[in-house]
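Undergrad: Structure: data.pdb, PDB, C-alpha atoms.
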ATOM      1  CA  MET A 461     -21.705  40.847 143.666
ATOM      2  CA  ARG A 462     -20.432  38.910 146.700
ATOM      3  CA  LYS A 463     -18.456  36.602 144.401
ATOM      4  CA  THR A 464     -16.105  39.561 143.897
ATOM      5  CA  LEU A 465     -14.044  38.791 147.033
ATOM      6  CA  PRO A 466     -12.838  35.265 146.119
ATOM      7  CA  THR A 467     -12.613  36.204 142.435
ATOM      8  CA  LEU A 468     -10.243  39.129 143.141
ATOM      9  CA  LEU A 469      -7.927  37.039 145.283
ATOM     10  CA  ALA A 470      -7.946  34.037 142.951
ATOM     11  CA  ALA A 471      -7.189  36.209 139.933
ATOM     12  CA  GLY A 472      -4.302  37.915 141.725
ATOM     13  CA  LEU A 473      -2.734  34.675 142.871
ATOM     14  CA  ALA A 474      -3.113  33.044 139.462
ATOM     15  CA  ALA A 475      -1.563  35.988 137.634
ATOM     16  CA  ALA A 476       1.292  36.220 140.129
ATOM     17  CA  ALA A 477       2.197  32.607 139.500
ATOM     18  CA  PHE A 478       2.966  33.424 135.856
ATOM     19  CA  THR A 479       3.902  37.114 135.919
ATOM     20  CA  THR A 480       7.292  38.180 137.264
ATOM     21  CA  SER A 481       9.598  41.042 136.444
ATOM     22  CA  THR A 482      13.234  40.911 135.432
ATOM     23  CA  GLN A 483      13.715  44.159 137.307
ATOM     24  CA  ALA A 484      13.447  44.269 141.095
ATOM     25  CA  LEU A 485      10.656  46.628 142.101
ATOM     26  CA  ALA A 486      11.565  46.817 145.812
ATOM     27  CA  TYR A 487       7.942  46.163 146.741
ATOM     28  CA  GLY A 488       8.008  45.717 150.494
ATOM     29  CA  ALA A 489       9.147  47.022 153.858
ATOM     30  CA  GLY A 490       9.286  50.786 154.288
ATOM     31  CA  ASP A 491       6.762  51.626 151.565
ATOM     32  CA  PHE A 492       4.241  54.376 152.187
ATOM     33  CA  PHE A 493       1.408  54.241 149.667
ATOM     34  CA  THR A 494      -1.929  55.690 148.699
ATOM     35  CA  ARG A 495      -4.659  54.141 146.571
ATOM     36  CA  LEU A 496      -7.138  56.373 144.746
ATOM     37  CA  GLY A 497     -10.292  55.339 142.955
ATOM     38  CA  VAL A 498     -14.033  54.951 142.836
ATOM     39  CA  ALA A 499     -15.789  52.808 145.433
ATOM     40  CA  LYS A 500     -19.274  51.317 145.431
ATOM     41  CA  VAL A 501     -20.968  50.549 148.755
ATOM     42  CA  ALA A 502     -23.515  47.775 148.207
ATOM     43  CA  PRO A 503     -25.482  46.907 151.373
ATOM     44  CA  LYS A 504     -26.649  43.321 151.737
ATOM     45  CA  SER A 505     -30.101  42.534 150.377
ATOM     46  CA  ASP A 506     -31.889  41.997 153.714
ATOM     47  CA  ASN A 507     -31.311  44.976 156.014
ATOM     48  CA  GLY A 508     -33.542  43.911 158.879
ATOM     49  CA  SER A 509     -36.925  45.147 160.028
ATOM     50  CA  LEU A 510     -38.431  47.881 162.172
ATOM     51  CA  ALA A 511     -41.513  48.277 164.365
ATOM     52  CA  GLN A 512     -41.235  44.732 165.753
ATOM     53  CA  GLY A 513     -40.965  43.151 162.316
ATOM     54  CA  ALA A 514     -43.859  45.009 160.685
ATOM     55  CA  VAL A 515     -41.632  47.051 158.340
ATOM     56  CA  ALA A 516     -38.842  45.600 156.156
ATOM     57  CA  VAL A 517     -35.821  47.820 155.434
ATOM     58  CA  ASP A 518     -33.895  48.053 152.145
ATOM     59  CA  VAL A 519     -30.797  50.308 152.015
ATOM     60  CA  GLN A 520     -29.769  51.316 148.483
ATOM     61  CA  ASP A 521     -26.264  51.348 146.891
ATOM     62  CA  ASP A 522     -24.073  54.418 146.400
ATOM     63  CA  THR A 523     -20.808  55.140 144.544
ATOM     64  CA  ARG A 524     -18.256  57.807 145.526
ATOM     65  CA  PHE A 525     -14.573  58.774 145.299
ATOM     66  CA  ALA A 526     -12.429  56.920 147.852
ATOM     67  CA  PHE A 527      -8.788  56.681 148.852
ATOM     68  CA  THR A 528      -6.521  54.812 151.229
ATOM     69  CA  LEU A 529      -3.278  55.548 153.068
ATOM     70  CA  GLY A 530      -0.958  52.750 154.112
ATOM     71  CA  TYR A 531       2.470  51.685 155.316
ATOM     72  CA  ARG A 532       4.423  48.440 154.943
ATOM     73  CA  PHE A 533       6.535  47.794 158.049
ATOM     74  CA  HIS A 534       7.541  44.346 156.745
ATOM     75  CA  ASP A 535       7.845  42.877 153.245
ATOM     76  CA  LYS A 536       4.665  40.895 153.851
ATOM     77  CA  ILE A 537       2.830  42.925 156.531
ATOM     78  CA  GLY A 538       1.279  46.376 156.373
ATOM     79  CA  VAL A 539      -1.577  48.563 157.568
ATOM     80  CA  GLU A 540      -4.062  50.575 155.529
ATOM     81  CA  LEU A 541      -6.774  53.126 156.311
ATOM     82  CA  LEU A 542      -9.757  53.460 153.974
ATOM     83  CA  ALA A 543     -11.444  56.865 153.689
ATOM     84  CA  ALA A 544     -13.921  58.381 151.240
ATOM     85  CA  GLU A 545     -16.382  61.083 150.412
ATOM     86  CA  GLN A 546     -19.613  60.812 152.350
ATOM     87  CA  PHE A 547     -21.769  58.062 150.924
ATOM     88  CA  GLU A 548     -25.492  58.777 150.691
ATOM     89  CA  HIS A 549     -28.110  56.034 150.784
ATOM     90  CA  ASP A 550     -31.832  56.085 150.131
ATOM     91  CA  ILE A 551     -33.752  53.856 152.514
ATOM     92  CA  GLU A 552     -36.861  52.039 151.295
ATOM     93  CA  LEU A 553     -39.455  50.569 153.636
ATOM     94  CA  SER A 554     -41.782  47.721 152.731
ATOM     95  CA  ILE A 555     -45.102  48.008 154.548
ATOM     96  CA  GLY A 556     -47.728  45.386 153.775
ATOM     97  CA  GLY A 557     -46.057  44.632 150.453
ATOM     98  CA  ASP A 558     -45.935  48.289 149.398
ATOM     99  CA  VAL A 559     -42.451  49.779 148.923
ATOM    100  CA  VAL A 560     -42.035  53.383 149.995
ATOM    101  CA  ASP A 561     -38.873  55.518 149.630
ATOM    102  CA  VAL A 562     -39.173  57.459 152.880
ATOM    103  CA  ALA A 563     -35.692  58.104 154.264
ATOM    104  CA  SER A 564     -32.059  58.809 153.480
ATOM    105  CA  THR A 565     -28.759  59.115 155.318
ATOM    106  CA  LYS A 566     -25.114  59.961 154.747
ATOM    107  CA  HIS A 567     -22.190  58.159 156.343
ATOM    108  CA  LEU A 568     -18.406  58.055 156.601
ATOM    109  CA  PRO A 569     -16.909  54.550 156.930
ATOM    110  CA  PRO A 570     -13.188  54.811 157.912
ATOM    111  CA  THR A 571     -11.759  51.283 158.012
ATOM    112  CA  LEU A 572      -8.340  50.240 159.343
ATOM    113  CA  THR A 573      -6.925  46.868 158.259
ATOM    114  CA  LEU A 574      -3.823  44.839 159.001
ATOM    115  CA  GLN A 575      -2.694  43.370 155.678
ATOM    116  CA  TYR A 576      -0.767  40.308 154.534
ATOM    117  CA  TYR A 577       1.062  40.287 151.171
ATOM    118  CA  PRO A 578       2.017  36.664 150.309
ATOM    119  CA  LEU A 579       4.369  37.760 147.497
ATOM    120  CA  GLY A 580       5.801  40.794 149.268
ATOM    121  CA  GLY A 581       9.566  41.102 148.929
ATOM    122  CA  THR A 582       9.584  39.277 145.573
ATOM    123  CA  GLU A 583       9.850  40.583 142.010
ATOM    124  CA  ALA A 584       6.264  39.632 141.109
ATOM    125  CA  ARG A 585       4.472  42.470 139.336
ATOM    126  CA  VAL A 586       1.100  41.161 140.502
ATOM    127  CA  GLN A 587       0.838  41.529 144.286
ATOM    128  CA  PRO A 588      -2.315  40.160 145.961
ATOM    129  CA  TYR A 589      -3.133  40.902 149.588
ATOM    130  CA  VAL A 590      -5.695  40.166 152.273
ATOM    131  CA  GLY A 591      -6.573  42.161 155.363
ATOM    132  CA  VAL A 592      -8.598  42.104 158.550
ATOM    133  CA  GLY A 593      -9.494  45.025 160.766
ATOM    134  CA  VAL A 594     -12.086  47.330 162.255
ATOM    135  CA  ASN A 595     -14.597  49.836 160.878
ATOM    136  CA  TYR A 596     -16.181  52.901 162.445
ATOM    137  CA  THR A 597     -19.220  54.349 160.699
ATOM    138  CA  ARG A 598     -20.740  57.705 161.595
ATOM    139  CA  PHE A 599     -24.159  58.556 160.195
ATOM    140  CA  SER A 600     -25.313  62.117 159.513
ATOM    141  CA  SER A 601     -27.970  64.117 157.653
ATOM    142  CA  GLU A 602     -30.644  61.530 158.377
ATOM    143  CA  SER A 603     -34.016  62.507 156.981
ATOM    144  CA  SER A 604     -37.395  60.799 156.889
ATOM    145  CA  GLU A 605     -40.930  61.619 155.825
ATOM    146  CA  LEU A 606     -42.126  59.837 158.953
ATOM    147  CA  GLY A 607     -40.435  62.060 161.544
ATOM    148  CA  ASP A 608     -37.072  62.830 163.168
ATOM    149  CA  LEU A 609     -34.846  59.862 162.217
ATOM    150  CA  ASN A 610     -31.624  59.120 164.073
ATOM    151  CA  LEU A 611     -29.100  56.361 163.296
ATOM    152  CA  SER A 612     -26.451  55.493 165.877
ATOM    153  CA  SER A 613     -22.737  55.210 165.057
ATOM    154  CA  SER A 614     -21.396  51.706 164.454
ATOM    155  CA  TRP A 615     -18.247  49.736 165.266
ATOM    156  CA  GLY A 616     -17.668  46.452 163.439
ATOM    157  CA  ALA A 617     -15.188  43.992 161.960
ATOM    158  CA  ALA A 618     -13.932  44.242 158.377
ATOM    159  CA  GLY A 619     -12.284  41.849 155.934
ATOM    160  CA  GLN A 620     -10.432  42.775 152.752
ATOM    161  CA  VAL A 621      -8.959  41.277 149.574
ATOM    162  CA  GLY A 622      -7.086  43.187 146.892
ATOM    163  CA  VAL A 623      -4.434  43.123 144.227
ATOM    164  CA  ASP A 624      -1.870  45.588 142.836
ATOM    165  CA  LEU A 625      -0.682  45.276 139.228
ATOM    166  CA  LEU A 626       2.680  47.055 139.317
ATOM    167  CA  ILE A 627       3.480  49.363 136.392
ATOM    168  CA  ASN A 628       6.818  50.697 137.668
ATOM    169  CA  ASP A 629       8.541  51.450 140.985
ATOM    170  CA  ASN A 630       5.861  53.953 141.992
ATOM    171  CA  TRP A 631       2.622  53.321 140.101
ATOM    172  CA  ALA A 632       0.236  50.382 140.031
ATOM    173  CA  LEU A 633      -3.315  49.536 139.064
ATOM    174  CA  ASN A 634      -5.420  48.445 142.036
ATOM    175  CA  ALA A 635      -8.630  46.543 142.728
ATOM    176  CA  ALA A 636      -9.911  45.850 146.237
ATOM    177  CA  ALA A 637     -13.005  44.739 148.114
ATOM    178  CA  TRP A 638     -14.029  44.977 151.767
ATOM    179  CA  TYR A 639     -16.794  43.242 153.664
ATOM    180  CA  ILE A 640     -17.831  45.459 156.587
ATOM    181  CA  ASP A 641     -20.094  44.693 159.543
ATOM    182  CA  ILE A 642     -22.276  47.809 159.982
ATOM    183  CA  ASP A 643     -25.299  47.672 162.286
ATOM    184  CA  THR A 644     -27.078  50.807 163.485
ATOM    185  CA  ASP A 645     -29.849  51.338 166.015
ATOM    186  CA  ALA A 646     -32.639  53.471 164.564
ATOM    187  CA  SER A 647     -34.939  55.802 166.449
ATOM    188  CA  LEU A 648     -37.832  57.934 165.239
ATOM    189  CA  ASP A 649     -38.905  61.010 167.185
ATOM    190  CA  GLY A 650     -36.763  59.733 170.077
ATOM    191  CA  ALA A 651     -38.345  56.271 170.226
ATOM    192  CA  LYS A 652     -36.288  53.192 169.325
ATOM    193  CA  ILE A 653     -37.759  51.375 166.337
ATOM    194  CA  GLY A 654     -35.181  48.641 165.625
ATOM    195  CA  THR A 655     -31.781  47.815 164.167
ATOM    196  CA  VAL A 656     -30.730  48.320 160.548
ATOM    197  CA  GLU A 657     -28.149  45.754 159.365
ATOM    198  CA  ILE A 658     -26.274  47.314 156.449
ATOM    199  CA  ASP A 659     -23.266  44.930 156.239
ATOM    200  CA  PRO A 660     -22.060  46.171 152.836
ATOM    201  CA  LEU A 661     -19.630  44.886 150.269
ATOM    202  CA  VAL A 662     -17.368  47.780 149.237
ATOM    203  CA  VAL A 663     -15.674  47.397 145.857
ATOM    204  CA  MET A 664     -13.006  49.858 144.696
ATOM    205  CA  GLY A 665     -10.971  50.197 141.510
ATOM    206  CA  GLY A 666      -8.272  52.738 140.753
ATOM    207  CA  ILE A 667      -4.548  53.419 140.937
ATOM    208  CA  SER A 668      -1.879  53.075 143.610
ATOM    209  CA  TYR A 669       1.180  55.255 144.245
ATOM    210  CA  ARG A 670       4.156  54.297 146.446
ATOM    211  CA  PHE A 671       6.337  56.972 148.043
TER     212      PHE A 671
END
Translate the structure described by the file into structure tokens.

TA:
Amino acid sequence: MRKTLPTLLAAGLAAAAFTTSTQALAYGAGDFFTRLGVAKVAPKSDNGSLAQGAVAVDVQDDTRFAFTLGYRFHDKIGVELLAAEQFEHDIELSIGGDVVDVASTKHLPPTLTLQYYPLGGTEARVQPYVGVGVNYTRFSSESSELGDLNLSSSWGAAGQVGVDLLINDNWALNAAAWYIDIDTDASLDGAKIGTVEIDPLVVMGGISYRF
């Protein structure tokens, strides 16, 4: 799954080297855009441990509708905000080798990135981009069979790669991926029990519309 980031960027750059349009698409400064699609949040495989290392944590994947809003204030530079439906994750605990599905949580992961478009301002129909920014994640609806579970909100860095395949002046196909640093302090019945390291790869596919 984590090979998706370099694969997306490499594919976009390779296609752009051979794919250009005879008609200028004015892809650049002044564009407002939105990207709509389906996003999968895939937490990393090792999500830390609780109770001083006695309990291993495994946070499960989830897939939801997602969208972005963005603006290009330069042919090659823009900003984009990622938003989505609430993702919901089951949380499995491994205790003495036994895996138990004992908790769940919902979260919203708005992510703001500053983006660079290497082929912005050109007539290339394939437009790759990379971004770097910040994520804020708010957890809600935590539940656990073990007691009153609480997960703290998280601030963290985010990295992004993506590519637009332009169809016409307004519409494009889009694929994008984000790596997000999400760590949350967990408490049970008011007592701190450790830190859960989610650090997901978010992969999204859909369409893009420029205003």

Undergrad: Rank nothing, just name the residue among A:Asp535, A:Asp506, A:Glu540, A:Asp491 nearest to A:Gly622, using only C-alpha atoms.

TA: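 Closest residue, counting only C-alpha atoms: A:Glu540.
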
Undergrad: Translate the PyMOL selection byres ((chain A and resi 625-636) around 9) into a concrete residue list for this structure, as a PyMOL selection string.

TA: chain A and resi 465+468+472+484-487+493+495-497+584-588+620-624+637-638+662-671

Undergrad: Write a file of the selected residues as a PDB file, in the coordinates of the input, keeping C-alpha atoms.

TA:
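Final output, saved to part.pdb:
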ATOM      1  CA  LEU A 465     -14.044  38.791 147.033  1.00  0.00           C
ATOM      2  CA  LEU A 468     -10.243  39.129 143.141  1.00  0.00           C
ATOM      3  CA  GLY A 472      -4.302  37.915 141.725  1.00  0.00           C
ATOM      4  CA  ALA A 484      13.447  44.269 141.095  1.00  0.00           C
ATOM      5  CA  LEU A 485      10.656  46.628 142.101  1.00  0.00           C
ATOM      6  CA  ALA A 486      11.565  46.817 145.812  1.00  0.00           C
ATOM      7  CA  TYR A 487       7.942  46.163 146.741  1.00  0.00           C
ATOM      8  CA  PHE A 493       1.408  54.241 149.667  1.00  0.00           C
ATOM      9  CA  ARG A 495      -4.659  54.141 146.571  1.00  0.00           C
ATOM     10  CA  LEU A 496      -7.138  56.373 144.746  1.00  0.00           C
ATOM     11  CA  GLY A 497     -10.292  55.339 142.955  1.00  0.00           C
ATOM     12  CA  ALA A 584       6.264  39.632 141.109  1.00  0.00           C
ATOM     13  CA  ARG A 585       4.472  42.470 139.336  1.00  0.00           C
ATOM     14  CA  VAL A 586       1.100  41.161 140.502  1.00  0.00           C
ATOM     15  CA  GLN A 587       0.838  41.529 144.286  1.00  0.00           C
ATOM     16  CA  PRO A 588      -2.315  40.160 145.961  1.00  0.00           C
ATOM     17  CA  GLN A 620     -10.432  42.775 152.752  1.00  0.00           C
ATOM     18  CA  VAL A 621      -8.959  41.277 149.574  1.00  0.00           C
ATOM     19  CA  GLY A 622      -7.086  43.187 146.892  1.00  0.00           C
ATOM     20  CA  VAL A 623      -4.434  43.123 144.227  1.00  0.00           C
ATOM     21  CA  ASP A 624      -1.870  45.588 142.836  1.00  0.00           C
ATOM     22  CA  ALA A 637     -13.005  44.739 148.114  1.00  0.00           C
ATOM     23  CA  TRP A 638     -14.029  44.977 151.767  1.00  0.00           C
ATOM     24  CA  VAL A 662     -17.368  47.780 149.237  1.00  0.00           C
ATOM     25  CA  VAL A 663     -15.674  47.397 145.857  1.00  0.00           C
ATOM     26  CA  MET A 664     -13.006  49.858 144.696  1.00  0.00           C
ATOM     27  CA  GLY A 665     -10.971  50.197 141.510  1.00  0.00           C
ATOM     28  CA  GLY A 666      -8.272  52.738 140.753  1.00  0.00           C
ATOM     29  CA  ILE A 667      -4.548  53.419 140.937  1.00  0.00           C
ATOM     30  CA  SER A 668      -1.879  53.075 143.610  1.00  0.00           C
ATOM     31  CA  TYR A 669       1.180  55.255 144.245  1.00  0.00           C
ATOM     32  CA  ARG A 670       4.156  54.297 146.446  1.00  0.00           C
ATOM     33  CA  PHE A 671       6.337  56.972 148.043  1.00  0.00           C
TER      34      PHE A 671
END

Undergrad: Ranking A:Thr582, A:Thr571, A:Ser505, A:Thr565 by minimum distance to A:Ser604 and counting all atoms listed in the file, which one comes first?

TA: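 Comparing A:Thr582, A:Thr571, A:Ser505, A:Thr565 against A:Ser604, the winner is A:Thr565.
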
Undergrad: For a quick check of understanding, using all atoms listed in the file, which of A:His567, A:Asp643, A:Val498, A:Asn507 has the smallest distance to A:Glu548?

TA: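 Between A:His567, A:Asp643, A:Val498, A:Asn507, the residue approaching A:Glu548 most closely is A:His567.
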
Undergrad: Please return, as a list in words, all polymer residues that have at least one atom within 7 Å of the point (-12.9, 47.0, 158.6); use all atoms listed in the file and the file's own coordinate frame.

TA: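 It turns out the residues near that spot are Thr571, Leu572, Thr573, Val592, Gly593, Val594, Asn595, Gly616, Ala617, Ala618, Gly619 and Ile640 of chain A.
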
Undergrad: Can you pull out every residue within 8 Å of stretch 520-530 of chain A, counting only C-alpha atoms, but drop anything in the same chain fewer than 4 positions away, and send it as a PyMOL selection string?

TA: chain A and resi 492-503+538-552+664
